[in-house]
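The structure file start.txt is reproduced below (compact mmCIF, C-alpha atoms).
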```txt
# COMPACT_ATOMS: atom_id res chain seq x y z
CA MET H 26 -6.39 -9.33 7.67
CA ILE H 27 -5.22 -6.27 5.80
CA SER H 28 -6.69 -3.65 3.51
CA ALA H 29 -4.91 -2.86 0.25
CA LEU H 30 -4.64 0.83 -0.65
CA ILE H 31 -3.89 1.29 -4.35
CA PHE H 32 -2.98 4.76 -5.57
CA VAL H 33 -3.58 5.57 -9.24
CA ALA H 34 -1.61 8.75 -9.94
CA ARG H 35 -2.93 9.44 -13.46
CA PRO H 36 -6.34 7.84 -14.02
CA SER H 37 -6.52 9.33 -17.53
CA ASP H 38 -3.33 7.52 -18.60
CA PRO H 39 -4.23 4.72 -21.07
CA ASP H 40 -2.01 2.27 -19.15
CA ALA H 41 -3.59 3.08 -15.76
CA ILE H 42 -6.40 0.54 -16.10
CA ASP H 43 -4.01 -2.25 -17.11
CA GLN H 44 -1.67 -1.42 -14.23
CA LEU H 45 -4.59 -1.32 -11.79
CA ALA H 46 -5.86 -4.66 -13.10
CA ASP H 47 -2.40 -6.20 -12.63
CA THR H 48 -2.26 -5.03 -9.03
CA LEU H 49 -5.80 -6.12 -8.22
CA GLY H 50 -5.20 -9.47 -9.91
CA SER H 51 -2.10 -10.09 -7.81
CA LEU H 52 -4.14 -9.55 -4.64
CA VAL H 53 -6.63 -12.32 -5.47
CA ALA H 54 -4.36 -14.96 -3.97
CA GLY H 55 -4.23 -12.91 -0.77
CA VAL H 56 -8.03 -12.74 -0.69
CA ALA H 57 -8.27 -16.52 -1.18
CA ALA H 58 -5.74 -17.07 1.62
CA GLY H 59 -7.75 -14.85 3.98
CA LEU H 60 -5.08 -12.14 4.24
CA VAL H 61 -6.58 -9.35 2.13
CA GLY H 62 -10.00 -8.27 3.33
CA ASP H 63 -10.72 -5.27 1.13
CA ALA H 64 -9.20 -2.92 -1.43
CA VAL H 65 -9.42 0.85 -1.70
CA ILE H 66 -8.47 2.57 -4.95
CA ILE H 67 -7.31 6.15 -4.45
CA VAL H 68 -7.54 8.59 -7.37
CA PRO H 69 -6.90 12.35 -7.68
CA SER H 70 -9.82 12.78 -10.11
CA GLN H 71 -12.88 10.81 -11.11
CA SER H 72 -12.60 8.22 -13.84
CA PRO H 73 -15.50 6.16 -15.20
CA ALA H 74 -13.11 3.39 -16.25
CA ILE H 75 -11.66 3.05 -12.75
CA GLU H 76 -15.18 3.13 -11.28
CA THR H 77 -16.07 0.21 -13.56
CA VAL H 78 -13.00 -1.79 -12.50
CA ALA H 79 -13.74 -1.09 -8.83
CA GLU H 80 -17.34 -2.17 -9.18
CA ALA H 81 -16.31 -5.39 -10.94
CA THR H 82 -13.77 -6.28 -8.25
CA GLY H 83 -15.62 -5.11 -5.15
CA ALA H 84 -13.09 -2.40 -4.40
CA LYS H 85 -13.99 1.03 -3.10
CA VAL H 86 -12.91 4.21 -4.91
CA VAL H 87 -11.83 7.22 -2.86
CA LEU H 88 -11.28 10.64 -4.36
CA ARG H 89 -8.24 12.28 -2.80
CA ALA H 90 -8.90 15.87 -1.85
CA ARG H 91 -6.53 18.43 -3.34
CA GLY H 92 -3.50 18.81 -1.10
CA ALA H 93 -4.44 15.82 1.06
CA SER H 94 -2.37 12.69 1.53
CA SER H 95 -3.54 9.85 -0.67
CA TRP H 96 -2.68 7.28 2.02
CA SER H 97 -4.68 9.13 4.69
CA ALA H 98 -7.72 9.37 2.41
CA GLY H 99 -7.55 5.66 1.65
CA ALA H 100 -6.95 4.65 5.28
CA LYS H 101 -10.16 6.39 6.32
CA ALA H 102 -12.10 4.11 3.94
CA ALA H 103 -10.15 0.94 4.83
CA ARG H 104 -11.78 -1.58 7.15
CA ARG H 105 -8.77 -3.46 8.55
CA ASP H 106 -6.19 -2.55 11.21
CA TRP H 107 -3.24 -2.94 8.82
CA VAL H 108 -3.03 -1.42 5.33
CA LEU H 109 -0.67 -2.26 2.48
CA CYS H 110 0.18 0.85 0.44
CA LEU H 111 0.60 0.13 -3.29
CA GLU H 112 0.76 2.04 -6.55
CA ALA H 113 -1.12 0.82 -9.61
CA GLY H 114 1.29 -1.59 -11.29
CA ASP H 115 2.81 -2.96 -8.08
CA VAL H 116 2.68 -6.74 -7.92
CA PRO H 117 3.76 -8.55 -4.73
CA ALA H 118 6.25 -11.31 -5.54
CA GLU H 119 5.86 -14.96 -4.61
CA GLY H 120 5.77 -15.66 -0.88
CA TRP H 121 4.31 -12.31 0.16
CA ILE H 122 1.15 -13.79 1.71
CA ARG H 123 3.00 -16.00 4.19
CA LEU H 124 5.47 -13.26 5.15
CA LEU H 125 2.83 -10.57 5.72
CA ASP H 126 0.56 -12.94 7.60
CA ARG H 127 3.41 -13.97 9.90
CA PHE H 128 4.46 -10.35 10.44
CA ILE H 129 0.94 -9.22 11.37
CA GLY H 130 0.48 -12.19 13.66
CA THR H 131 3.71 -11.54 15.58
CA ALA H 132 3.97 -7.71 15.51
CA ARG H 133 4.06 -6.10 18.92
CA PRO H 134 1.68 -3.18 19.55
CA GLU H 135 4.50 -0.63 19.27
CA VAL H 136 5.47 -1.90 15.80
CA ALA H 137 3.56 0.16 13.24
CA LEU H 138 5.50 -0.05 9.96
CA ALA H 139 7.00 -2.77 7.79
CA ARG H 140 8.48 -2.25 4.35
CA LEU H 141 8.53 -4.54 1.33
CA ARG H 142 11.50 -4.30 -1.00
CA ARG H 143 10.90 -2.35 -4.21
CA PRO H 144 12.57 -2.99 -7.58
CA HIS H 145 15.20 -0.86 -9.27
CA THR H 146 16.65 0.85 -6.26
CA GLY H 147 19.82 2.69 -7.12
CA LEU H 148 22.60 3.74 -4.77
CA PRO H 149 20.86 6.92 -3.48
CA ALA H 150 17.71 4.96 -2.59
CA ARG H 151 19.73 2.26 -0.86
CA LEU H 152 21.66 4.86 1.18
CA ALA H 153 18.41 6.57 2.16
CA ALA H 154 16.98 3.21 3.24
CA ARG H 155 20.03 2.59 5.45
CA GLY H 156 19.55 6.02 7.03
CA GLU H 157 15.88 5.30 7.68
CA THR H 158 16.79 2.23 9.73
CA VAL H 159 18.66 4.54 12.10
CA ILE H 160 16.49 7.69 12.24
CA GLY H 161 13.13 6.21 11.29
CA VAL H 162 10.55 7.13 8.66
CA SER H 163 8.44 10.28 8.66
CA ALA H 164 5.93 9.36 5.93
CA PRO H 165 4.65 6.20 4.25
CA ARG H 166 5.49 5.18 0.70
CA PRO H 167 4.30 2.48 -1.70
CA GLY H 168 5.34 -0.92 -0.40
CA ASP H 169 4.70 -0.08 3.25
CA LEU H 170 2.51 -2.13 5.55
CA VAL H 171 1.25 0.34 8.15
CA ARG H 172 -1.15 0.32 11.07
CA ARG H 173 -4.27 2.09 9.83
CA ASP H 174 -4.54 4.46 12.79
CA ARG H 175 -1.08 5.89 12.00
CA LEU H 176 -2.22 6.84 8.48
CA ILE H 177 -5.54 8.35 9.53
CA ALA H 178 -3.73 10.82 11.78
CA GLY H 179 -2.22 12.65 8.80
CA PRO H 180 0.17 12.61 5.84
CA THR H 181 3.23 12.32 8.08
CA PHE H 182 3.81 10.33 11.23
CA ALA H 183 3.69 12.30 14.49
CA ARG H 184 7.11 10.90 15.29
CA ARG H 185 9.43 8.94 13.09
CA LEU H 186 8.63 5.24 12.94
CA LYS H 187 11.23 2.52 12.96
CA VAL H 188 11.12 0.43 9.80
CA ARG H 189 10.94 -3.32 9.94
CA ARG H 190 12.23 -4.64 6.64
CA LEU H 191 10.46 -7.65 5.18
CA SER H 192 12.01 -10.07 2.73
CA ALA H 193 8.87 -9.90 0.58
CA ARG H 194 9.30 -7.72 -2.48
CA LEU H 195 7.23 -5.81 -4.98
CA GLU H 196 7.67 -6.02 -8.71
CA ARG H 197 6.34 -3.72 -11.40
CA ALA H 198 3.88 -5.10 -13.94
```
Written form, structure tokens:
Amino acid sequence: MISALIFVARPSDPDAIDQLADTLGSLVAGVAAGLVGDAVIIVPSQSPAIETVAEATGAKVVLRARGASSWSAGAKAARRDWVLCLEAGDVPAEGWIRLLDRFIGTARPEVALARLRRPHTGLPARLAARGETVIGVSAPRPGDLVRRDRLIAGPTFARRLKVRRLSARLERA
């Protein structure tokens, strides 16, 4: 099982609630399949509307401390060994449940990071991704499936982690 970490960058944005609802709604199939165990919503400031959505869905809201990593704050509240980092508005595309479940079930202990494909990647992003396969990744980003203990340690990884690319992809709502 995994925990979903959902970062809401601007909780006061009128579209933030709709984007959060889209992301939470897309995770329901993962909950039904037994893959997603819990969800943590990470916000930089309190929002009554987000609190209401969290209460209705059973998610936990974590307030990110100023200057702290949002992923580290969320990982501390997560209950599972693997966490899926998402931004509000991210929607995993069809087939993601099977692919993530298979990855988690077969990952060796030294494997700590897998990456879902994100939409609208231009040439600079694709070149950076190619470079990361050689030198590794120093910090998580939305679309990463990471071992929880690696995120709790801090905003950056102690040493660069090799990325395992997954064929699952994220779409934007």
inquiry  = Residues within 6 Å of Trp107 of chain H, please, as a PyMOL selection string. Count only C-alpha atoms; anything in the same chain fewer than 6 positions from it doesn't count.
reply    = chain H and resi 27+171-173
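Atom CA of Trp96 of chain H is found 20.0 Å from atom CA of Val78 of chain H.
The closest residue to Asp43 of chain H, picked from H:Ile66, H:Ile75, H:Gly147, H:Arg189 and counting only C-alpha atoms, is H:Ile75.
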inquiry  = As an exercise, work out the distance from atom CA of Ile129 of chain H to atom CA of Val108 of chain H in Å and give it to one decimal place.
reply    = 10.6 Å
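Among the candidates H:Leu60, H:Leu109, H:Ala74, H:Ala139, the residue lying nearest to Leu45 of chain H is H:Ala74 (atoms considered: only C-alpha atoms).
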key: Proximity to Thr48 of chain H - best of H:Ala81, H:Leu195, H:Gly156, H:Pro69, only C-alpha atoms   = H:Leu195
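Rounded to one decimal, atom CA of Ala150 of chain H and atom CA of Ala113 of chain H lie 20.5 Å from each other.
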Write out as a PDB file with C-alpha atoms, keeping the file's coordinate frame which residues come within 10 Å of Ser95 of chain H when counting all atoms listed in the file, dropping same-chain ones fewer than 5 positions away.
```
ATOM      1  CA  LEU H  30      -4.640   0.830  -0.650  1.00  0.00           C
ATOM      2  CA  ILE H  31      -3.890   1.290  -4.350  1.00  0.00           C
ATOM      3  CA  PHE H  32      -2.980   4.760  -5.570  1.00  0.00           C
ATOM      4  CA  VAL H  33      -3.580   5.570  -9.240  1.00  0.00           C
ATOM      5  CA  ALA H  34      -1.610   8.750  -9.940  1.00  0.00           C
ATOM      6  CA  ILE H  66      -8.470   2.570  -4.950  1.00  0.00           C
ATOM      7  CA  ILE H  67      -7.310   6.150  -4.450  1.00  0.00           C
ATOM      8  CA  VAL H  68      -7.540   8.590  -7.370  1.00  0.00           C
ATOM      9  CA  PRO H  69      -6.900  12.350  -7.680  1.00  0.00           C
ATOM     10  CA  VAL H  87     -11.830   7.220  -2.860  1.00  0.00           C
ATOM     11  CA  LEU H  88     -11.280  10.640  -4.360  1.00  0.00           C
ATOM     12  CA  ARG H  89      -8.240  12.280  -2.800  1.00  0.00           C
ATOM     13  CA  ALA H  90      -8.900  15.870  -1.850  1.00  0.00           C
ATOM     14  CA  ALA H 100      -6.950   4.650   5.280  1.00  0.00           C
ATOM     15  CA  CYS H 110       0.180   0.850   0.440  1.00  0.00           C
ATOM     16  CA  LEU H 176      -2.220   6.840   8.480  1.00  0.00           C
ATOM     17  CA  GLY H 179      -2.220  12.650   8.800  1.00  0.00           C
ATOM     18  CA  PRO H 180       0.170  12.610   5.840  1.00  0.00           C
TER      19      PRO H 180
END
```
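The closest residue to Arg197 of chain H, picked from H:Pro144, H:Gly59, H:Pro134, H:Pro36 and counting all atoms listed in the file, is H:Pro144.
All residues of protein, DNA or RNA that reach within 8 Å of Thr181 of chain H, judged by all atoms listed in the file and not counting those fewer than 6 positions away in the chain, are Ser163, Ala164 and Pro165 of chain H.
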Distance query Val61 of chain H at most 12 Å, all atoms listed in the file, self and fewer than 2 positions along chain excluded, as a ChimeraX atom specification = /H:26-30,49,51-59,63-65,84,103-109,121-123,125-126,129
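When only C-alpha atoms are used to measure the gap to Pro117 of chain H, the shortest distance among H:Leu148, H:Ala198, H:Ala41, H:Val159 belongs to H:Ala198.
Among H:Gly168, H:Gly130, H:Gly99, H:Pro73, the residue with the shortest atom-to-atom distance to Ala118 of chain H, counting only C-alpha atoms, is H:Gly168.
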With all atoms of segment 172-179 of chain H from the file as input, state the centre and edge lengths in Å to one decimal of the axis-aligned box that has 8 Å extra on each side, as lines of an AutoDock Vina configuration file.
```
center_x = -3.3
center_y = 6.5
center_z = 10.6
size_x = 20.5
size_y = 28.3
size_z = 20.3
```
task = Write out as a list in words each polymer residue whose atoms come within 10 Å of Ser192 of chain H, counting all atoms listed in the file; drop sequence neighbours fewer than 6 positions from it.
result = Gly120, Trp121, Leu124, Leu125, Arg140, Leu141 and Arg142 of chain H
Restricting the output to C-alpha atoms, write the selected residues as a PDB file, in the coordinates of the input.
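Printed below is again.pdb as written:
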```pdb
ATOM      1  CA  GLY H 120       5.770 -15.660  -0.880  1.00  0.00           C
ATOM      2  CA  TRP H 121       4.310 -12.310   0.160  1.00  0.00           C
ATOM      3  CA  LEU H 124       5.470 -13.260   5.150  1.00  0.00           C
ATOM      4  CA  LEU H 125       2.830 -10.570   5.720  1.00  0.00           C
ATOM      5  CA  ARG H 140       8.480  -2.250   4.350  1.00  0.00           C
ATOM      6  CA  LEU H 141       8.530  -4.540   1.330  1.00  0.00           C
ATOM      7  CA  ARG H 142      11.500  -4.300  -1.000  1.00  0.00           C
TER       8      ARG H 142
END
```
